[in-house]
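See structure below.
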Amino acid sequence: MKTYQIPVPTFDLDHTLRCGQVFRWRESKDGWIDIVIKAKQEGDVLIVKSNLDMEDVMSYFRLSDDLDDIYKHISKDEVMNEAIARYRGMRLIRQEPWECLISYLCSINNRIPQIERMIQNLSTYFGEEICDGFYSFPSPERLAEATRSELEKCKLGFRVDWILGIAKKVCDGELILNQLRNLDYQNAKEMLMKIDGVGHKVADCVLLYSLDKLEAFPVDVHIRRLTQREYFQNQEVSDEIIREWAKGYFGDYAGYAQQYLFYYERSRGGKR
DNA sequence: AGCCAGGTTGCGG
DNA sequence: CCGCAACATGGC
């Protein structure tokens, strides 16, 4: 276990881990913990304990993203400015694509606590025990050799066959997720959407959260509700219209805008 | 009890 | 291209 103290100019660990993009981090008395990483923030310093190299930690938290420049690009209106003011320092996280894909398949027509439970179940049933009580996310190989009824124990619902199918594709080399990084956004999205169970939303999530496509703008119920209310005068417009609008309105960093708006919309509970 | 949740698919128009 | 229901699970 190595310890890093990383100076971070514009960064907020709490917002970054609470905004709904990752599903395995837990908050404890002394900071945050994932399977192999512990992290806490003291002022402008991020303190990390992990076996990872420093550069991997920097990469994971996207500490090289120029947030102030990104804010300049997406600060288009009062709604966006309010979201930025509230969550200043929130960064996207660069996730591992395989885990990201399965995680967002679990997100389909689901709630966050249950998504977290499914991922926890998958890990304890099919992952490897790293240290007592902590299990890694299962490998594609391990999931591909699982039976349907074994997977059903994880309470995945109708997602079981999709997940099995994807695991097999990855094992066969038919789907090489990291390769999609080399394609542009449109082409990578087309490839992802050939996968059974992957539509626009899941594809955009995987592209944004794990494949560095910052223009991806995942449209889910919350983003749809907020966008129609704040930008379309309560008109009902299709998701395709919303995606096209976001691309033109927010530009290359639409994905960052999406994350701020998503968190903003989800945490305005009760406030009309 | 019925509706909804970080949707997708397959169907009929 | 559009809208629509079904899909498994669980919380309110």
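Residue names in the structure tokens use chain letters A, B, ... in the order shown, residue numbers from 1 in each chain, and ligand numbers from 1 in the order shown.
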At most 8 Å is the cut-off: for each residue in chain C with any atom that close to an atom of chain A, write down the nearest atom pair and the distance in Å rounded to one decimal, counting only C-alpha atoms (C1' of nucleotides), chain first then increasing number, as JSON lines.
{"residue": "C:DC7", "atom": "C1'", "partner": "A:Phe158", "partner_atom": "CA", "distance": 5.9}
{"residue": "C:DA8", "atom": "C1'", "partner": "A:Gly157", "partner_atom": "CA", "distance": 3.8}
{"residue": "C:DT9", "atom": "C1'", "partner": "A:Gly157", "partner_atom": "CA", "distance": 6.3}
{"residue": "C:DG10", "atom": "C1'", "partner": "A:Gln114", "partner_atom": "CA", "distance": 8.0}
With C-alpha atoms (C1' of nucleotides) retained, write the just-selected residues as an mmCIF file, in the first residue's frame.
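This went into again-v8.cif:
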data_model
loop_
_atom_site.group_PDB
_atom_site.id
_atom_site.type_symbol
_atom_site.label_atom_id
_atom_site.label_comp_id
_atom_site.auth_asym_id
_atom_site.auth_seq_id
_atom_site.Cartn_x
_atom_site.Cartn_y
_atom_site.Cartn_z
ATOM 1 C "C1'" DC C 7 -39.378 -7.156 -18.957
ATOM 2 C "C1'" DA C 8 -37.414 -8.621 -12.965
ATOM 3 C "C1'" DT C 9 -36.896 -6.603 -8.800
ATOM 4 C "C1'" DG C 10 -37.839 -3.844 -4.845
#
Got a sec to pull out which chain B residues are within 9 Å of chain A, counting only C-alpha atoms (C1' of nucleotides), and send them as a PyMOL selection string? chain B and resi 4-9
Selection to disk with all heavy atoms, as a compact mmCIF listing (two decimals), in the first residue's frame:
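Output below, filename again-v2.txt:
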# COMPACT_ATOMS: atom_id res chain seq x y z
P DC B 4 -45.71 6.38 -12.94
OP1 DC B 4 -46.06 7.80 -13.13
OP2 DC B 4 -45.88 5.40 -14.03
O5' DC B 4 -44.19 6.31 -12.47
C5' DC B 4 -43.83 6.87 -11.21
C4' DC B 4 -42.50 6.29 -10.77
O4' DC B 4 -42.70 4.93 -10.31
C3' DC B 4 -41.46 6.21 -11.90
O3' DC B 4 -40.30 6.89 -11.50
C2' DC B 4 -41.21 4.72 -12.09
C1' DC B 4 -41.60 4.15 -10.73
N1 DC B 4 -42.01 2.73 -10.77
C2 DC B 4 -41.45 1.83 -9.86
O2 DC B 4 -40.63 2.24 -9.04
N3 DC B 4 -41.82 0.53 -9.91
C4 DC B 4 -42.70 0.11 -10.82
N4 DC B 4 -43.02 -1.18 -10.82
C5 DC B 4 -43.29 1.02 -11.76
C6 DC B 4 -42.92 2.29 -11.70
P DA B 5 -39.26 7.41 -12.57
OP1 DA B 5 -39.03 8.85 -12.32
OP2 DA B 5 -39.66 6.93 -13.90
O5' DA B 5 -37.93 6.63 -12.15
C5' DA B 5 -37.42 6.81 -10.84
C4' DA B 5 -36.51 5.64 -10.47
O4' DA B 5 -37.29 4.42 -10.51
C3' DA B 5 -35.32 5.43 -11.42
O3' DA B 5 -34.20 5.07 -10.63
C2' DA B 5 -35.79 4.26 -12.29
C1' DA B 5 -36.58 3.45 -11.28
N9 DA B 5 -37.58 2.55 -11.86
C8 DA B 5 -38.46 2.82 -12.87
N7 DA B 5 -39.26 1.81 -13.15
C5 DA B 5 -38.87 0.82 -12.27
C6 DA B 5 -39.32 -0.49 -12.06
N6 DA B 5 -40.31 -1.06 -12.76
N1 DA B 5 -38.72 -1.22 -11.09
C2 DA B 5 -37.74 -0.65 -10.40
N3 DA B 5 -37.23 0.58 -10.51
C4 DA B 5 -37.84 1.26 -11.47
P DG B 6 -33.07 6.19 -10.30
OP1 DG B 6 -32.14 5.48 -9.43
OP2 DG B 6 -33.70 7.44 -9.89
O5' DG B 6 -32.28 6.44 -11.65
C5' DG B 6 -31.93 5.34 -12.50
C4' DG B 6 -31.70 5.87 -13.91
O4' DG B 6 -30.67 6.88 -13.85
C3' DG B 6 -31.19 4.85 -14.92
O3' DG B 6 -31.67 5.20 -16.20
C2' DG B 6 -29.71 5.00 -14.86
C1' DG B 6 -29.62 6.52 -14.71
N9 DG B 6 -28.37 6.95 -14.12
C8 DG B 6 -27.80 6.51 -12.96
N7 DG B 6 -26.67 7.07 -12.71
C5 DG B 6 -26.48 7.94 -13.76
C6 DG B 6 -25.42 8.84 -14.03
O6 DG B 6 -24.40 9.04 -13.36
N1 DG B 6 -25.63 9.54 -15.21
C2 DG B 6 -26.72 9.41 -16.03
N2 DG B 6 -26.76 10.16 -17.11
N3 DG B 6 -27.73 8.58 -15.78
C4 DG B 6 -27.54 7.88 -14.64
P DG B 7 -33.24 4.79 -16.53
OP1 DG B 7 -33.93 5.91 -17.14
OP2 DG B 7 -33.85 4.08 -15.41
O5' DG B 7 -32.94 3.69 -17.63
C5' DG B 7 -32.57 4.13 -18.94
C4' DG B 7 -32.14 2.89 -19.68
O4' DG B 7 -33.10 1.85 -19.44
C3' DG B 7 -32.09 3.08 -21.18
O3' DG B 7 -31.10 2.18 -21.68
C2' DG B 7 -33.50 2.71 -21.61
C1' DG B 7 -33.87 1.60 -20.61
N9 DG B 7 -35.27 1.58 -20.22
C8 DG B 7 -36.08 2.64 -19.91
N7 DG B 7 -37.29 2.29 -19.58
C5 DG B 7 -37.28 0.90 -19.68
C6 DG B 7 -38.31 -0.04 -19.45
O6 DG B 7 -39.46 0.17 -19.09
N1 DG B 7 -37.86 -1.35 -19.66
C2 DG B 7 -36.59 -1.68 -20.04
N2 DG B 7 -36.35 -2.98 -20.19
N3 DG B 7 -35.63 -0.81 -20.26
C4 DG B 7 -36.04 0.46 -20.06
P DT B 8 -30.82 2.13 -23.28
OP1 DT B 8 -29.37 1.95 -23.43
OP2 DT B 8 -31.51 3.24 -23.95
O5' DT B 8 -31.53 0.77 -23.69
C5' DT B 8 -31.11 -0.43 -23.09
C4' DT B 8 -31.84 -1.61 -23.71
O4' DT B 8 -33.19 -1.63 -23.23
C3' DT B 8 -31.90 -1.56 -25.24
O3' DT B 8 -31.47 -2.80 -25.75
C2' DT B 8 -33.37 -1.27 -25.54
C1' DT B 8 -34.09 -1.80 -24.31
N1 DT B 8 -35.34 -1.07 -23.95
C2 DT B 8 -36.48 -1.81 -23.65
O2 DT B 8 -36.50 -3.03 -23.68
N3 DT B 8 -37.58 -1.05 -23.29
C4 DT B 8 -37.65 0.32 -23.22
O4 DT B 8 -38.68 0.87 -22.90
C5 DT B 8 -36.43 1.02 -23.55
C7 DT B 8 -36.42 2.52 -23.50
C6 DT B 8 -35.36 0.30 -23.89
P DT B 9 -31.41 -3.05 -27.32
OP1 DT B 9 -30.22 -3.85 -27.58
OP2 DT B 9 -31.62 -1.77 -28.01
O5' DT B 9 -32.70 -3.95 -27.60
C5' DT B 9 -32.99 -5.03 -26.72
C4' DT B 9 -34.37 -5.58 -27.02
O4' DT B 9 -35.37 -4.68 -26.49
C3' DT B 9 -34.67 -5.73 -28.52
O3' DT B 9 -35.03 -7.06 -28.78
C2' DT B 9 -35.83 -4.76 -28.78
C1' DT B 9 -36.44 -4.58 -27.40
N1 DT B 9 -37.06 -3.26 -27.15
C2 DT B 9 -38.31 -3.19 -26.58
O2 DT B 9 -38.96 -4.16 -26.29
N3 DT B 9 -38.78 -1.92 -26.37
C4 DT B 9 -38.14 -0.73 -26.68
O4 DT B 9 -38.66 0.35 -26.44
C5 DT B 9 -36.83 -0.87 -27.26
C7 DT B 9 -36.04 0.34 -27.63
C6 DT B 9 -36.36 -2.12 -27.47
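The space separating atom CA of A:Asn51 from atom CA of A:Leu63 comes to 18.2 Å.
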Could you give me, as a PyMOL selection string, the residues within 10 Å of A:Trp32, counting only C-alpha atoms (C1' of nucleotides) and dropping anything in the same chain fewer than 5 positions from it? chain A and resi 13-14+17+25-27+37-41+48
For the selection just defined, write its residues with N, CA and C atoms to a file, as a short mmCIF file (atom, residue, chain, number, x, y, z; two decimals), in the first residue's frame.
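Result file is selection_5.cif:
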data_model
loop_
_atom_site.label_atom_id
_atom_site.label_comp_id
_atom_site.auth_asym_id
_atom_site.auth_seq_id
_atom_site.Cartn_x
_atom_site.Cartn_y
_atom_site.Cartn_z
N LEU A 13 -13.75 15.76 -3.89
CA LEU A 13 -13.87 14.30 -3.84
C LEU A 13 -15.29 13.86 -3.52
N ASP A 14 -15.92 14.53 -2.57
CA ASP A 14 -17.27 14.13 -2.16
C ASP A 14 -18.25 14.22 -3.33
N LEU A 17 -17.61 11.52 -5.98
CA LEU A 17 -18.01 10.14 -5.68
C LEU A 17 -19.50 10.01 -5.36
N TRP A 25 -17.87 2.82 -4.42
CA TRP A 25 -17.23 3.57 -3.34
C TRP A 25 -18.15 3.67 -2.13
N ARG A 26 -17.56 3.54 -0.93
CA ARG A 26 -18.34 3.70 0.30
C ARG A 26 -17.67 4.74 1.18
N GLU A 27 -18.49 5.52 1.86
CA GLU A 27 -17.94 6.53 2.75
C GLU A 27 -17.82 5.93 4.15
N ILE A 37 -8.67 1.03 -3.25
CA ILE A 37 -8.26 2.42 -3.04
C ILE A 37 -8.94 3.00 -1.82
N LYS A 38 -8.17 3.76 -1.05
CA LYS A 38 -8.77 4.61 -0.03
C LYS A 38 -8.47 6.04 -0.43
N ALA A 39 -9.40 6.93 -0.21
CA ALA A 39 -9.18 8.32 -0.59
C ALA A 39 -9.87 9.26 0.37
N LYS A 40 -9.20 10.35 0.67
CA LYS A 40 -9.86 11.44 1.37
C LYS A 40 -9.23 12.75 0.94
N GLN A 41 -9.95 13.81 1.18
CA GLN A 41 -9.47 15.12 0.75
C GLN A 41 -9.33 16.01 1.96
N VAL A 48 -4.40 9.56 -1.05
CA VAL A 48 -4.82 8.26 -1.58
C VAL A 48 -3.91 7.17 -1.06
#
Would you please extract all alpha helix (DSSP H) residues from stretch 14-110 of chain A, as assigned by DSSP on the backbone, and give them as a PyMOL selection string? chain A and resi 14-18+54-60+67-74+78-87+97-106
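Close contacts of B:DC3, defined as residues with an atom at most 12 Å away when counting only C-alpha atoms (C1' of nucleotides), with chain neighbours fewer than 2 positions off set aside, comprise DA1 and DA5 of chain B; DG11 and DC12 of chain C.
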